[in-house]
Every structure is written in C-alpha cells, then in structure tokens.
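J.: The structure follows.
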Amino acid sequence: MNDSFVDVAEQRLRHDIVNSVFQAGAKLRVEELSRRYTVGATPVREALSRLKTEGLVELFNNRGFRVPELTLEDLTELAISRGIIESEVAKDAMLHKNEEWELNLMSAMERLRRRAAADLAIPENHAAFFDAHHQFHAAMVAGSQLKRLLVVQTWLEQQQSRYFRRLPATAPGWSAQFVQSHEDLLALALGDSADLFSTALREHPLLSTTTIGSAGVFGAPHK
C-alpha cells in the first residue's frame with residue numbers, strides 16, 4: 001500500500017472532521033470516502049484507523065466508523081487537559097524567546113484581529129478566523145524545547161477546535177471576547193513574568209466553554 005495515498009486520505013478526512021464538513025455523529029462509510037477523496041478503500045480504512053487513535057473517529061456497533069459526538073463533558077476535559085499542557089509548553093517557549101518570536105506572535109495577533117473584523121457569517125471568513133486562531137497558538141509555543149509535550153498540545157488543540165469551529169457567527173459578542181482573551185495573552189507573553197503567562201494560559205482554554213455551550217453547539221445525539 002502506498003503510504004502517500006493514506007496520508008492524503010488522512011489529511012483530507014482530518015480537515016473535514018475538524019471543520020465540521022462531517023457533523024458530529026455522522027457515519028463515515030469507506031466506499032463514500034473513497035469516492036470523495038479519489039483513493040482506494042484500503043488507504044481510507046488505514047486513515048480511519050489512524051484518526052481513531054487520535055480520537056477524531058470512533059467505532060460504533062463494532063463494525064463501522066463515525067465522527068464522535070460533541071459533549072460538554074468532553075469539551076471540559078479537553079480544556080482542562082490543554083490548559084495543563086499548553087501552559088507548560090508556552091512557558092518554555094517564552095523562556096527561550098527572542099525578537100523573532102515576539103514579532104511572529106505580534107504578527108499572528110494582528111492577523112487574528114483582522115480576521116475577526118470580517119463578516120464571520122461568510123463561511124470562508126469564519127474558517128479564516130479560526131485558522132488565524134490556530135496560527136496564534138502555534139506562534140506562542142514555537143521554539144519550546146518540550147518536543148513530546150508539543151505533540152500532545154497539538155493534538156489537544158485539534159480536538160478542541162472541533163468545538164470552536166462550530167461557534168455560529170450570530171452568537172452574541174463571542175468574537176470580541178475571544179480576541180480580547182488573546183490580546184491579554186499577548187501582553188503577558190511580551191512581559192517579564194513567565195509564571196504569570198503560564199497561569200493565564202492554564203485557564204485560557206476554559207474561557208470559551210460557557211460560550212460554546214450557550215451557542216447551541218451541542219445538538220441531540222445522532223441515531
């Protein structure tokens with residue numbers, strides 16, 4: 001089996017799950033995915049197996065695959081876990097920071113501001129906003145020497161982004177609050193106290209939990 005075909009299927013399937021092309025609870029049928037991604041059934045099965053280990057796909061009835069449901073309990077656990085891991089990784093990155101790190105972080109914040117100012121009711125703008133959010137967090141942890149924790153941080157952010165990207169543009173005030181919380185992180189990152197920065201980051205992933213819960217992200221489970 002050509003690993004490149006598996007990689008293509010995995011990357012496209014991950015993108016479609018994280019960006020809610022496939023809704024929570026949706027069944028993932030091998031034949032349909034094979035046609036969608038123009039790859040064989042065997043690479044698709046391998047891609048599904050890989051994503052199952054990441055928690056982006058789950059088995060149901062011991063025979064098929066589906067997208068995991070979105071639940072407040074899962075989101076809360078993700079937020080707590082991510083806060084623990086990301087606060088340590090970003091603290092380490094700050095302790096190793098240089099001018100390039102600061103400039104990249106400021107640039108990422110400016111990108112997030114600009115994306116937030118666009119009409120988020122337009123799907124492309126909505127996706128671009130959360131892409132900018134990802135880029136800000138990537139810039140924040142860049143340069144950390146904690147390589148293994150970086151892998152976990154990336155995985156947790158990806159899992160939590162399934163919830164973030166479901167936030168509707170009409171949810172009142174969330175984008176302004178979202179941006180302000182990152183402005184606060186930027187100010188701490190450019191400051192002198194890595195401990196204050198780390199403490200704020202430990203709580204940061206929990207800030208959006210209430211917003212997400214009240215915005216109608218959690219639907220009825222699929223049958």
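Labels for the structure tokens follow display order: chains A, B, ..., residues from 1 in each chain, ligands from 1.
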Can you tell me which residues surround Asp192 in chain A at a distance of at most 12 Å, considering only C-alpha atoms, apart from same-chain residues fewer than 6 positions away, and format the answer as a PyMOL selection string?

T.: chain A and resi 91+94-95+97+186+198

J.: Considering only C-alpha atoms, return as a count of residues only whatever protein or nucleic-acid residues lie within 10 Å of range 139-147 of chain A, sequence-local ones (same chain, fewer than 5 positions apart) excluded.

T.: 29

J.: To one decimal place, how far is CA of Glu110 in chain A from CA of His204 in chain A in Å?

T.: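 Pair CA of Glu110 in chain A / CA of His204 in chain A returns 19.1 Å.
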
J.: Determine, using only C-alpha atoms, which residues of range 104-212 of chain A have any atom at most 7 Å from an atom of range 6-21 of chain A, and tabulate each with its shortest atom pair and distance in Å to one decimal place, rows ordered by chain and then rising number, as a Markdown table.

T.:
| residue | atom | partner | partner_atom | distance |
| --- | --- | --- | --- | --- |
| A:Ser161 | CA | A:Val18 | CA | 6.6 |
| A:Arg162 | CA | A:Val18 | CA | 4.8 |
| A:Arg165 | CA | A:Asn19 | CA | 6.3 |

J.: Those selected residues, please, written with N, CA and C atoms and delivered as a JSON list (two decimals), in the first residue's frame.

T.:
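Output file part-v7.json is given in full below:
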[["chain", "number", "residue", "atom", "x", "y", "z"],
["A", 161, "SER", "N", -10.61, 22.31, 18.68],
["A", 161, "SER", "CA", -11.03, 23.14, 17.55],
["A", 161, "SER", "C", -12.30, 22.63, 16.90],
["A", 162, "ARG", "N", -12.63, 21.34, 17.06],
["A", 162, "ARG", "CA", -13.91, 20.83, 16.58],
["A", 162, "ARG", "C", -15.06, 21.61, 17.19],
["A", 165, "ARG", "N", -14.88, 25.68, 16.05],
["A", 165, "ARG", "CA", -15.30, 25.97, 14.68],
["A", 165, "ARG", "C", -16.80, 25.78, 14.46]]

J.: Using DSSP assignments from the backbone, pull out every residue in range 21-205 of chain A that falls under strand (DSSP E) and give it to me as an MDAnalysis selection string.

T.: chainID A and resid 27:28 58:60 64:66

J.: Could those selected residues go to a file with C-alpha atoms, as a compact mmCIF listing (two decimals), in the first residue's frame?

T.:
# COMPACT_ATOMS: atom_id res chain seq x y z
CA LYS A 27 -21.27 7.79 9.84
CA LEU A 28 -18.05 7.53 7.84
CA GLU A 58 -14.71 6.21 16.71
CA LEU A 59 -16.12 2.75 16.13
CA PHE A 60 -19.82 2.09 16.52
CA GLY A 64 -18.41 0.98 11.37
CA PHE A 65 -16.79 4.35 11.87
CA ARG A 66 -18.34 7.68 12.78

J.: Excluding Ala24 in chain A and any residue of its chain fewer than 6 positions from it, enumerate the residues within 6 Å of it, using only C-alpha atoms, and give them as a PDB file with all heavy atoms, in the first residue's frame.

T.:
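Below is the file that was written, result05.pdb:
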ATOM      1  N   VAL A  67     -18.029  10.020  13.292  1.00  0.00           N
ATOM      2  CA  VAL A  67     -17.438  11.172  13.961  1.00  0.00           C
ATOM      3  C   VAL A  67     -17.957  11.200  15.400  1.00  0.00           C
ATOM      4  O   VAL A  67     -19.168  11.066  15.617  1.00  0.00           O
ATOM      5  CB  VAL A  67     -17.831  12.480  13.240  1.00  0.00           C
ATOM      6  CG1 VAL A  67     -17.202  13.682  13.935  1.00  0.00           C
ATOM      7  CG2 VAL A  67     -17.412  12.420  11.778  1.00  0.00           C
ATOM      8  N   PRO A  68     -17.083  11.353  16.393  1.00  0.00           N
ATOM      9  CA  PRO A  68     -17.561  11.379  17.781  1.00  0.00           C
ATOM     10  C   PRO A  68     -18.528  12.536  18.036  1.00  0.00           C
ATOM     11  O   PRO A  68     -18.436  13.594  17.410  1.00  0.00           O
ATOM     12  CB  PRO A  68     -16.264  11.574  18.593  1.00  0.00           C
ATOM     13  CG  PRO A  68     -15.176  11.070  17.706  1.00  0.00           C
ATOM     14  CD  PRO A  68     -15.613  11.413  16.307  1.00  0.00           C
ATOM     15  N   GLU A  69     -19.449  12.317  18.944  1.00  0.00           N
ATOM     16  CA  GLU A  69     -20.385  13.362  19.338  1.00  0.00           C
ATOM     17  C   GLU A  69     -19.642  14.480  20.077  1.00  0.00           C
ATOM     18  O   GLU A  69     -18.560  14.276  20.637  1.00  0.00           O
ATOM     19  CB  GLU A  69     -21.476  12.791  20.255  1.00  0.00           C
ATOM     20  CG  GLU A  69     -22.350  11.725  19.623  1.00  0.00           C
ATOM     21  CD  GLU A  69     -23.347  12.290  18.610  1.00  0.00           C
ATOM     22  OE1 GLU A  69     -23.407  13.524  18.464  1.00  0.00           O
ATOM     23  OE2 GLU A  69     -24.059  11.490  17.984  1.00  0.00           O
TER      24      GLU A  69
END

J.: May I have the residues within 7 Å of range 124-133 of chain A as a list in words, using only C-alpha atoms and disregarding those fewer than 4 positions away in the same chain?

T.: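 Here the qualifying residues turn out to be Ala108, Arg111, Leu112, Arg115, Ala116, Ala118, Asp119, Leu120, His137 and Arg165 of chain A.
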
J.: Output C-alpha atoms of each residue in that selection to a file, as a PDB file, in the first residue's frame.

T.:
ATOM      1  CA  ALA A 108      -0.247  36.428  14.434  1.00  0.00           C
ATOM      2  CA  ARG A 111      -3.926  38.547  11.692  1.00  0.00           C
ATOM      3  CA  LEU A 112      -6.462  37.401  14.291  1.00  0.00           C
ATOM      4  CA  ARG A 115      -9.993  38.120  10.607  1.00  0.00           C
ATOM      5  CA  ALA A 116     -12.322  38.990  13.499  1.00  0.00           C
ATOM      6  CA  ALA A 118     -14.563  40.433   8.725  1.00  0.00           C
ATOM      7  CA  ASP A 119     -18.134  39.227   8.301  1.00  0.00           C
ATOM      8  CA  LEU A 120     -17.995  35.891  10.103  1.00  0.00           C
ATOM      9  CA  HIS A 137      -1.284  29.484  19.365  1.00  0.00           C
ATOM     10  CA  ARG A 165     -15.301  25.967  14.676  1.00  0.00           C
TER      11      ARG A 165
END

J.: Determine, counting only C-alpha atoms, which protein, DNA and RNA residues have an atom within 10 Å of an atom of Leu78 in chain A; residues of the same chain fewer than 3 positions away are not included. Present the result as a list in words.

T.: Leu72, Glu73, Asp74, Leu75, Ser81, Arg82, Gly83, Ile84, Leu156, Glu157, Gln159, Gln160, Pro205 and Leu206 of chain A

J.: Could the residues in this selection be written to a file with N, CA and C atoms, as a PDB file, in the first residue's frame?

T.:
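Written output follows (part.pdb):
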ATOM      1  N   LEU A  72     -20.472  18.525  26.369  1.00  0.00           N
ATOM      2  CA  LEU A  72     -19.884  19.481  27.312  1.00  0.00           C
ATOM      3  C   LEU A  72     -18.842  18.801  28.187  1.00  0.00           C
ATOM      4  N   GLU A  73     -19.089  17.550  28.550  1.00  0.00           N
ATOM      5  CA  GLU A  73     -18.137  16.827  29.394  1.00  0.00           C
ATOM      6  C   GLU A  73     -16.802  16.648  28.677  1.00  0.00           C
ATOM      7  N   ASP A  74     -16.873  16.286  27.395  1.00  0.00           N
ATOM      8  CA  ASP A  74     -15.645  16.103  26.613  1.00  0.00           C
ATOM      9  C   ASP A  74     -14.921  17.432  26.445  1.00  0.00           C
ATOM     10  N   LEU A  75     -15.658  18.486  26.135  1.00  0.00           N
ATOM     11  CA  LEU A  75     -15.051  19.800  25.951  1.00  0.00           C
ATOM     12  C   LEU A  75     -14.358  20.268  27.230  1.00  0.00           C
ATOM     13  N   SER A  81      -7.234  19.669  30.219  1.00  0.00           N
ATOM     14  CA  SER A  81      -6.003  18.990  29.792  1.00  0.00           C
ATOM     15  C   SER A  81      -5.122  19.914  28.959  1.00  0.00           C
ATOM     16  N   ARG A  82      -5.764  20.633  28.047  1.00  0.00           N
ATOM     17  CA  ARG A  82      -4.991  21.544  27.197  1.00  0.00           C
ATOM     18  C   ARG A  82      -4.363  22.658  28.019  1.00  0.00           C
ATOM     19  N   GLY A  83      -5.103  23.166  29.012  1.00  0.00           N
ATOM     20  CA  GLY A  83      -4.550  24.217  29.860  1.00  0.00           C
ATOM     21  C   GLY A  83      -3.294  23.765  30.577  1.00  0.00           C
ATOM     22  N   ILE A  84      -3.317  22.536  31.075  1.00  0.00           N
ATOM     23  CA  ILE A  84      -2.149  21.999  31.787  1.00  0.00           C
ATOM     24  C   ILE A  84      -0.946  21.885  30.851  1.00  0.00           C
ATOM     25  N   LEU A 156      -4.394  18.144  21.407  1.00  0.00           N
ATOM     26  CA  LEU A 156      -5.478  18.696  22.211  1.00  0.00           C
ATOM     27  C   LEU A 156      -6.108  19.915  21.532  1.00  0.00           C
ATOM     28  N   GLU A 157      -5.290  20.754  20.931  1.00  0.00           N
ATOM     29  CA  GLU A 157      -5.828  21.921  20.229  1.00  0.00           C
ATOM     30  C   GLU A 157      -6.714  21.482  19.064  1.00  0.00           C
ATOM     31  N   GLN A 159      -8.373  18.690  18.803  1.00  0.00           N
ATOM     32  CA  GLN A 159      -9.622  18.155  19.346  1.00  0.00           C
ATOM     33  C   GLN A 159     -10.562  19.277  19.759  1.00  0.00           C
ATOM     34  N   GLN A 160     -10.023  20.292  20.441  1.00  0.00           N
ATOM     35  CA  GLN A 160     -10.867  21.378  20.916  1.00  0.00           C
ATOM     36  C   GLN A 160     -11.377  22.243  19.766  1.00  0.00           C
ATOM     37  N   PRO A 205      -8.048  27.938  28.007  1.00  0.00           N
ATOM     38  CA  PRO A 205      -8.942  27.062  27.226  1.00  0.00           C
ATOM     39  C   PRO A 205     -10.342  26.913  27.820  1.00  0.00           C
ATOM     40  N   LEU A 206     -10.479  27.205  29.128  1.00  0.00           N
ATOM     41  CA  LEU A 206     -11.789  27.071  29.767  1.00  0.00           C
ATOM     42  C   LEU A 206     -12.692  28.269  29.500  1.00  0.00           C
TER      43      LEU A 206
END

J.: Going by DSSP on the backbone, which residues of range 31-208 of chain A come out as helix (DSSP H, G or I)? List them as JSON, numbers by chain.

T.: {"A": [31, 32, 33, 34, 35, 36, 37, 41, 42, 43, 44, 45, 46, 47, 48, 49, 50, 51, 52, 53, 54, 72, 73, 74, 75, 76, 77, 78, 79, 80, 81, 82, 83, 84, 85, 86, 87, 88, 89, 90, 91, 92, 93, 94, 95, 99, 100, 101, 102, 103, 104, 105, 106, 107, 108, 109, 110, 111, 112, 113, 114, 115, 116, 117, 123, 124, 125, 126, 127, 128, 129, 130, 131, 132, 133, 134, 135, 136, 137, 138, 139, 140, 141, 147, 148, 149, 150, 151, 152, 153, 154, 155, 156, 157, 158, 159, 160, 161, 162, 163, 164, 174, 175, 176, 177, 178, 179, 180, 181, 182, 183, 184, 185, 186, 187, 188, 189, 194, 195, 196, 197, 198, 199, 200, 201, 202, 203, 204, 205, 206, 207, 208]}

J.: Please measure the separation of CA of Ser208 in chain A and CA of Ile85 in chain A, giving the value in Å to one decimal.

T.: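 These atoms are spaced 17.3 Å apart.
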
J.: Between CA of Ile80 in chain A and CA of Arg202 in chain A, what is the spacing in Å?

T.: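 These atoms are spaced 7.7 Å apart.
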
J.: Taking only C-alpha atoms into account, name the residue in A:Gln177, A:Thr209, A:Thr170, A:Ser214 that is nearest to Glu77 in chain A.

T.: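 Under the stated criterion, the closest residue is A:Thr209.
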